[in-house]
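Participant: My structure file start.cif, mmCIF, C-alpha atoms and all ligand atoms, is below:
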data_model
loop_
_atom_site.group_PDB
_atom_site.id
_atom_site.type_symbol
_atom_site.label_atom_id
_atom_site.label_comp_id
_atom_site.auth_asym_id
_atom_site.auth_seq_id
_atom_site.Cartn_x
_atom_site.Cartn_y
_atom_site.Cartn_z
ATOM 1 C CA MET O 1 -17.344 -12.905 -4.115
ATOM 2 C CA ARG O 2 -14.361 -10.637 -4.750
ATOM 3 C CA LYS O 3 -11.273 -11.252 -2.615
ATOM 4 C CA VAL O 4 -9.621 -7.965 -1.765
ATOM 5 C CA ALA O 5 -6.079 -7.531 -0.518
ATOM 6 C CA ILE O 6 -6.149 -4.236 1.367
ATOM 7 C CA SER O 7 -3.766 -2.112 3.442
ATOM 8 C CA ALA O 8 -4.579 -2.964 7.061
ATOM 9 C CA CYS O 9 -4.404 0.683 8.182
ATOM 10 C CA LEU O 10 -7.390 1.467 5.926
ATOM 11 C CA LEU O 11 -9.426 -1.007 7.968
ATOM 12 C CA GLY O 12 -8.509 0.749 11.200
ATOM 13 C CA GLU O 13 -5.509 -1.267 12.322
ATOM 14 C CA ARG O 14 -3.103 1.011 14.163
ATOM 15 C CA CYS O 15 -0.087 -0.092 12.169
ATOM 16 C CA ARG O 16 1.157 3.213 10.732
ATOM 17 C CA TYR O 17 4.720 4.239 11.552
ATOM 18 C CA ASP O 18 3.442 6.376 14.455
ATOM 19 C CA GLY O 19 0.904 3.864 15.775
ATOM 20 C CA THR O 20 -2.141 5.535 14.203
ATOM 21 C CA ASP O 21 -4.483 4.233 11.490
ATOM 22 C CA ASN O 22 -6.042 5.437 8.231
ATOM 23 C CA ARG O 23 -9.533 3.999 8.767
ATOM 24 C CA ASP O 24 -11.697 4.948 5.791
ATOM 25 C CA ARG O 25 -15.392 4.394 6.477
ATOM 26 C CA LYS O 26 -16.458 5.440 2.986
ATOM 27 C CA LEU O 27 -14.129 2.890 1.459
ATOM 28 C CA LEU O 28 -15.264 0.161 3.839
ATOM 29 C CA GLY O 29 -18.885 0.860 2.903
ATOM 30 C CA LYS O 30 -17.958 0.507 -0.743
ATOM 31 C CA LEU O 31 -16.321 -2.872 -0.123
ATOM 32 C CA GLU O 32 -19.213 -4.327 1.855
ATOM 33 C CA GLY O 33 -19.927 -7.918 0.860
ATOM 34 C CA MET O 34 -16.375 -8.524 -0.374
ATOM 35 C CA GLU O 35 -13.834 -10.640 1.482
ATOM 36 C CA LEU O 36 -11.118 -8.357 2.850
ATOM 37 C CA ILE O 37 -7.636 -9.761 3.403
ATOM 38 C CA PRO O 38 -5.478 -7.184 5.244
ATOM 39 C CA PHE O 39 -1.738 -6.782 4.954
ATOM 40 C CA CYS O 40 0.916 -4.500 6.410
ATOM 41 C CA PRO O 41 4.430 -5.210 5.187
ATOM 42 C CA GLU O 42 6.066 -2.514 7.282
ATOM 43 C CA HIS O 43 4.535 -3.663 10.567
ATOM 44 C CA HIS O 44 5.511 -7.239 9.738
ATOM 45 C CA CYS O 45 9.099 -6.288 8.918
ATOM 46 C CA PHE O 46 9.865 -3.465 11.328
ATOM 47 C CA GLY O 47 7.159 -3.362 14.008
ATOM 48 C CA THR O 48 5.110 -0.352 15.145
ATOM 49 C CA PRO O 49 6.057 2.403 15.850
ATOM 50 C CA ARG O 50 9.006 2.537 13.460
ATOM 51 C CA PRO O 51 11.137 5.042 11.533
ATOM 52 C CA THR O 52 9.841 6.166 8.153
ATOM 53 C CA MET O 53 11.369 5.198 4.819
ATOM 54 C CA ASP O 54 11.423 6.602 1.284
ATOM 55 C CA LEU O 55 11.638 5.076 -2.167
ATOM 56 C CA VAL O 56 14.960 6.001 -3.743
ATOM 57 C CA GLU O 57 16.196 5.378 -7.275
ATOM 58 C CA THR O 58 19.622 3.724 -7.075
ATOM 59 C CA GLU O 59 21.977 2.161 -9.595
ATOM 60 C CA GLU O 60 20.534 -1.228 -8.599
ATOM 61 C CA GLY O 61 16.943 -0.095 -9.073
ATOM 62 C CA ILE O 62 14.333 1.294 -6.725
ATOM 63 C CA LYS O 63 14.900 0.648 -3.036
ATOM 64 C CA ALA O 64 13.139 1.558 0.211
ATOM 65 C CA ILE O 65 15.702 3.449 2.282
ATOM 66 C CA SER O 66 15.405 4.099 6.027
ATOM 67 C CA ASN O 67 15.205 7.783 6.922
ATOM 68 C CA VAL O 68 17.128 7.048 10.135
ATOM 69 C CA THR O 69 19.905 4.607 9.261
ATOM 70 C CA GLY O 70 20.082 4.997 5.473
ATOM 71 C CA GLY O 71 19.864 1.209 5.259
ATOM 72 C CA ASP O 72 18.108 -0.704 2.483
ATOM 73 C CA LEU O 73 14.778 -1.971 3.856
ATOM 74 C CA SER O 74 13.532 -3.376 0.544
ATOM 75 C CA PRO O 75 14.377 -7.084 0.897
ATOM 76 C CA CYS O 76 12.001 -7.758 3.795
ATOM 77 C CA VAL O 77 9.132 -5.797 2.227
ATOM 78 C CA ARG O 78 9.562 -7.508 -1.142
ATOM 79 C CA ARG O 79 9.782 -10.946 0.524
ATOM 80 C CA TYR O 80 6.616 -10.258 2.540
ATOM 81 C CA ALA O 81 4.805 -9.208 -0.657
ATOM 82 C CA ARG O 82 5.774 -12.406 -2.492
ATOM 83 C CA GLU O 83 4.806 -14.604 0.449
ATOM 84 C CA PHE O 84 1.493 -12.774 0.971
ATOM 85 C CA PHE O 85 0.347 -13.229 -2.629
ATOM 86 C CA ASP O 86 1.655 -16.803 -2.754
ATOM 87 C CA ALA O 87 -0.486 -17.539 0.323
ATOM 88 C CA HIS O 88 -3.547 -15.811 -1.196
ATOM 89 C CA PRO O 89 -3.709 -16.772 -4.875
ATOM 90 C CA GLU O 90 -7.467 -16.081 -4.806
ATOM 91 C CA VAL O 91 -6.975 -12.305 -4.462
ATOM 92 C CA ASP O 92 -8.465 -10.499 -7.478
ATOM 93 C CA LEU O 93 -8.425 -6.898 -6.269
ATOM 94 C CA TYR O 94 -5.699 -4.888 -4.497
ATOM 95 C CA ILE O 95 -6.378 -1.640 -2.666
ATOM 96 C CA GLY O 96 -3.381 0.191 -1.211
ATOM 97 C CA LYS O 97 -3.009 3.285 0.936
ATOM 98 C CA ASP O 98 -2.216 6.271 -1.231
ATOM 99 C CA ARG O 99 1.321 7.684 -1.111
ATOM 100 C CA SER O 100 2.774 4.817 0.926
ATOM 101 C CA PRO O 101 6.219 3.664 -0.264
ATOM 102 C CA SER O 102 4.991 0.122 0.364
ATOM 103 C CA CYS O 103 1.308 0.156 -0.537
ATOM 104 C CA GLY O 104 0.693 3.039 -2.967
ATOM 105 C CA VAL O 105 -0.159 1.992 -6.523
ATOM 106 C CA CYS O 106 0.329 5.227 -8.531
ATOM 107 C CA SER O 107 0.928 7.774 -5.793
ATOM 108 C CA ALA O 108 4.172 6.977 -3.958
ATOM 109 C CA ARG O 109 6.984 9.529 -3.931
ATOM 110 C CA LEU O 110 10.234 8.465 -5.548
ATOM 111 C CA TYR O 111 13.462 10.361 -4.843
ATOM 112 C CA ASP O 112 16.756 10.425 -6.687
ATOM 113 C CA ARG O 113 20.054 9.837 -4.886
ATOM 114 C CA SER O 114 20.311 13.485 -3.838
ATOM 115 C CA ARG O 115 16.870 13.081 -2.269
ATOM 116 C CA THR O 116 15.185 15.338 -4.791
ATOM 117 C CA LEU O 117 11.646 14.324 -5.711
ATOM 118 C CA ALA O 118 11.802 12.500 -9.040
ATOM 119 C CA ASP O 119 8.238 11.192 -9.346
ATOM 120 C CA ASP O 120 5.103 11.449 -7.230
ATOM 121 C CA GLU O 121 3.200 8.776 -9.113
ATOM 122 C CA ALA O 122 5.519 5.886 -8.327
ATOM 123 C CA ARG O 123 4.609 2.399 -7.153
ATOM 124 C CA GLY O 124 5.229 1.044 -3.665
ATOM 125 C CA LEU O 125 6.972 -2.298 -3.237
ATOM 126 C CA MET O 126 3.877 -4.261 -2.153
ATOM 127 C CA ALA O 127 1.790 -2.797 -4.972
ATOM 128 C CA GLU O 128 4.597 -3.615 -7.407
ATOM 129 C CA GLU O 129 4.147 -7.310 -6.634
ATOM 130 C CA ALA O 130 0.338 -7.115 -7.024
ATOM 131 C CA VAL O 131 0.657 -5.446 -10.425
ATOM 132 C CA ARG O 132 3.378 -7.893 -11.496
ATOM 133 C CA ARG O 133 0.900 -10.722 -10.831
ATOM 134 C CA GLY O 134 -1.787 -9.079 -12.952
ATOM 135 C CA ILE O 135 -4.072 -8.224 -10.034
ATOM 136 C CA GLU O 136 -6.413 -5.247 -10.567
ATOM 137 C CA SER O 137 -4.801 -2.618 -8.354
ATOM 138 C CA TRP O 138 -6.016 0.737 -7.039
ATOM 139 C CA ASP O 139 -4.976 3.462 -4.666
ATOM 140 C CA ALA O 140 -7.787 3.811 -2.118
ATOM 141 C CA GLU O 141 -8.627 7.385 -3.118
ATOM 142 C CA SER O 142 -8.693 6.595 -6.836
ATOM 143 C CA PHE O 143 -10.887 3.557 -6.172
ATOM 144 C CA LEU O 144 -13.438 5.762 -4.403
ATOM 145 C CA ASP O 145 -13.313 8.366 -7.189
ATOM 146 C CA ALA O 146 -13.876 5.682 -9.815
ATOM 147 C CA HIS O 147 -16.723 3.999 -7.920
ATOM 148 C CA PRO O 148 -18.915 6.882 -6.710
ATOM 149 C CA SER O 149 -21.963 6.107 -4.607
ATOM 150 C CA PRO O 150 -25.239 6.404 -6.539
ATOM 151 C CA PRO O 151 -27.205 9.567 -5.683
ATOM 152 C CA ILE O 152 -29.869 9.104 -3.009
ATOM 153 C CA LEU O 153 -33.202 9.483 -4.838
ATOM 154 C CA GLY O 154 -35.695 11.941 -3.437
ATOM 155 C CA SER O 155 -33.195 13.945 -1.399
HETATM 156 S S1 LIG K 1 2.724 -0.269 5.192
HETATM 157 FE FE1 LIG K 1 0.782 -0.071 4.117
HETATM 158 S S2 LIG K 1 -0.691 -1.111 5.451
HETATM 159 FE FE2 LIG K 1 1.128 -0.693 6.680
HETATM 160 S S3 LIG K 1 0.700 1.267 7.656
HETATM 161 FE FE3 LIG K 1 1.844 1.699 5.786
HETATM 162 S S4 LIG K 1 0.255 2.117 4.253
HETATM 163 FE FE4 LIG K 1 -0.726 1.071 5.960
#
Output the file's structure in the form of C-alpha cells.
Facilitator:
Amino acid sequence: MRKVAISACLLGERCRYDGTDNRDRKLLGKLEGMELIPFCPEHHCFGTPRPTMDLVETEEGIKAISNVTGGDLSPCVRRYAREFFDAHPEVDLYIGKDRSPSCGVCSARLYDRSRTLADDEARGLMAEEAVRRGIESWDAESFLDAHPSPPILGS
C-alpha cells in the first residue's frame, strides 16, 4: 500500500492561515486505499490563524518571510519538514497544496528582495525536503490532471 504524505488542509483540516481548509473530495477519492499521513508545517510552527508569509530570494538563499514582521520563518518550517520525514521513512508519495510557500511542489511564488515576482513555479520548504529525499512529489492539482478518472462506460 502506498504511504502518502499530504497537506492536512487538503483532507479538510482547518489549518489554513485564516482557519479554513482546502478539502478536495476528488483528490481524496483518487487516493482511496492509500495510507494518508497529514502534515501542516505552518500550523505546527505558528498556530492557526496566523499571518501569511512569502518565499523570498535572499543572499543566503530562499527564505520564508513573514508578511507582518518581516522576520525569517524558515528555520521552524525546515526543521518540521526534516523531523516529519525522519519519523515517516515509509512515505513514498508526497502531495502538497498548490501555491503554498510551504507545501507547493512546482507552483509556489518566489519574490526577489524588492518583492517583485521572480518565479511562480518555485518549491515550498516542505516540498523541498520531500524532493531532496527522492520522494515522488506532486502538487495536488497536477496529480489530479495526471491521474484522470476513467470514463464511466454507458453514460
Ligand atoms: S502549510 Fe500546507 S498543509 Fe498547512 S495550511 Fe498551508 S498548504 Fe495547507
Participant: With distances taken over all atoms listed in the file, which of O:Ala87, O:Ala118, O:Val68, O:Leu55 is nearest to O:Ser102?
Facilitator: O:Leu55
Participant: I'd like the residues picked by the PyMOL selection byres (((chain O and resi 107) around 12) and not hetatm) written out as a PyMOL selection string, using the chain letters and numbers from the file.
Facilitator: chain O and resi 55+96-106+108-110+119-124+127+138-142
Participant: Pull the closest atom pair for each residue of chain O that gets at most 10 Å from ligand LIG 1 (chain K), along with the distance in Å to one decimal, counting all atoms listed in the file, ordering rows by chain and then ascending residue number, as a tab-separated table.
Facilitator:
residue	atom	partner	partner_atom	distance
O:Ile6	CA	K:LIG1	S2	7.5
O:Ser7	CA	K:LIG1	S2	3.8
O:Ala8	CA	K:LIG1	S2	4.6
O:Cys9	CA	K:LIG1	FE4	4.3
O:Leu10	CA	K:LIG1	FE4	6.7
O:Leu11	CA	K:LIG1	S2	9.1
O:Gly12	CA	K:LIG1	FE4	9.4
O:Glu13	CA	K:LIG1	S3	8.2
O:Arg14	CA	K:LIG1	S3	7.5
O:Cys15	CA	K:LIG1	S3	4.8
O:Arg16	CA	K:LIG1	S3	3.7
O:Tyr17	CA	K:LIG1	S3	6.3
O:Asp18	CA	K:LIG1	S3	8.9
O:Gly19	CA	K:LIG1	S3	8.5
O:Thr20	CA	K:LIG1	S3	8.3
O:Asp21	CA	K:LIG1	S3	7.1
O:Asn22	CA	K:LIG1	FE4	7.2
O:Arg23	CA	K:LIG1	FE4	9.7
O:Pro38	CA	K:LIG1	S2	7.7
O:Phe39	CA	K:LIG1	S2	5.8
O:Cys40	CA	K:LIG1	FE2	3.8
O:Pro41	CA	K:LIG1	S1	5.2
O:Glu42	CA	K:LIG1	S1	4.5
O:His43	CA	K:LIG1	FE2	6.0
O:His44	CA	K:LIG1	FE2	8.5
O:Cys45	CA	K:LIG1	S1	9.5
O:Phe46	CA	K:LIG1	S1	9.9
O:Gly47	CA	K:LIG1	FE2	9.9
O:Thr48	CA	K:LIG1	S3	8.8
O:Pro49	CA	K:LIG1	S3	9.9
O:Thr52	CA	K:LIG1	FE3	9.5
O:Val77	CA	K:LIG1	S1	9.0
O:Ile95	CA	K:LIG1	S2	9.9
O:Gly96	CA	K:LIG1	FE1	6.8
O:Lys97	CA	K:LIG1	S4	4.8
O:Asp98	CA	K:LIG1	S4	7.3
O:Arg99	CA	K:LIG1	S4	7.8
O:Ser100	CA	K:LIG1	S4	5.0
O:Pro101	CA	K:LIG1	S1	7.6
O:Ser102	CA	K:LIG1	S1	5.3
O:Cys103	CA	K:LIG1	FE1	4.7
O:Gly104	CA	K:LIG1	S4	7.3
O:Gly124	CA	K:LIG1	FE1	9.0
O:Leu125	CA	K:LIG1	S1	9.7
O:Met126	CA	K:LIG1	FE1	8.2
O:Ala127	CA	K:LIG1	FE1	9.5
Participant: Show me, as a list in words, the residues that have an atom within 7 Å of O:Lys63 when counting only C-alpha atoms, minus same-chain residues fewer than 3 positions from it.
Facilitator: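 My reading of the contact set: Leu55, Val56, Glu57, Thr58, Asp72 and Ser74 of chain O.
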Participant: Looking at O:Tyr80, O:Asp112, O:Asp92, O:Arg132, which one is nearest to O:Glu59, with distances taken over all atoms listed in the file?
Facilitator: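 Comparing O:Tyr80, O:Asp112, O:Asp92, O:Arg132 against O:Glu59, the winner is O:Asp112.
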Participant: Excluding O:Glu90 and residues on its chain fewer than 6 positions from it, collect all residues at most 9 Å away from it, counting all atoms listed in the file, and give them as an NGL selection string.
Facilitator: :O and (2-4)
Participant: If I take atom CA of O:Arg78 and atom CA of O:Pro51, how far is one from the other in Å, to one decimal?
Facilitator: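 If I compute the distance from atom CA of O:Arg78 to atom CA of O:Pro51, I get 17.9 Å.
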Participant: Please indicate the distance in Å from atom CA of O:Tyr111 to atom CA of O:Val131, rounded to one decimal place.
Facilitator: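 So the two atoms, atom CA of O:Tyr111 and atom CA of O:Val131, lie 21.1 Å apart.
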Participant: Could you please determine the separation between atom CA of O:Glu83 and atom CA of O:Leu144 in Å, to one decimal place?
Facilitator: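 Going from atom CA of O:Glu83 over to atom CA of O:Leu144, I get 27.8 Å.
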Participant: (11.4, 4.8, 4.2) in this file's frame - what residues fall within 6 Å of it? Use only C-alpha atoms and give the answer as JSON, numbers by chain.
Facilitator: {"O": [52, 53, 54, 64, 65, 66, 67]}
Participant: Write a file of the just-selected residues containing C-alpha atoms, as a compact mmCIF listing (two decimals), keeping the file's coordinate frame.
Facilitator:
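Written out: result.txt:
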# COMPACT_ATOMS: atom_id res chain seq x y z
CA THR O 52 9.84 6.17 8.15
CA MET O 53 11.37 5.20 4.82
CA ASP O 54 11.42 6.60 1.28
CA ALA O 64 13.14 1.56 0.21
CA ILE O 65 15.70 3.45 2.28
CA SER O 66 15.40 4.10 6.03
CA ASN O 67 15.20 7.78 6.92
Participant: Can you tell me, as an MDAnalysis selection string, which residues sit within 12 Å of (-18.7, -6.4, -0.3) in the file's frame, using all atoms listed in the file?
Facilitator: chainID O and resid 1:4 27:36 93
Participant: May I have the selected residues written with C-alpha atoms, as an mmCIF file, in the coordinates of the input?
Facilitator:
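As written to disk, out22.cif reads:
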data_model
loop_
_atom_site.group_PDB
_atom_site.id
_atom_site.type_symbol
_atom_site.label_atom_id
_atom_site.label_comp_id
_atom_site.auth_asym_id
_atom_site.auth_seq_id
_atom_site.Cartn_x
_atom_site.Cartn_y
_atom_site.Cartn_z
ATOM 1 C CA MET O 1 -17.344 -12.905 -4.115
ATOM 2 C CA ARG O 2 -14.361 -10.637 -4.750
ATOM 3 C CA LYS O 3 -11.273 -11.252 -2.615
ATOM 4 C CA VAL O 4 -9.621 -7.965 -1.765
ATOM 5 C CA LEU O 27 -14.129 2.890 1.459
ATOM 6 C CA LEU O 28 -15.264 0.161 3.839
ATOM 7 C CA GLY O 29 -18.885 0.860 2.903
ATOM 8 C CA LYS O 30 -17.958 0.507 -0.743
ATOM 9 C CA LEU O 31 -16.321 -2.872 -0.123
ATOM 10 C CA GLU O 32 -19.213 -4.327 1.855
ATOM 11 C CA GLY O 33 -19.927 -7.918 0.860
ATOM 12 C CA MET O 34 -16.375 -8.524 -0.374
ATOM 13 C CA GLU O 35 -13.834 -10.640 1.482
ATOM 14 C CA LEU O 36 -11.118 -8.357 2.850
ATOM 15 C CA LEU O 93 -8.425 -6.898 -6.269
#
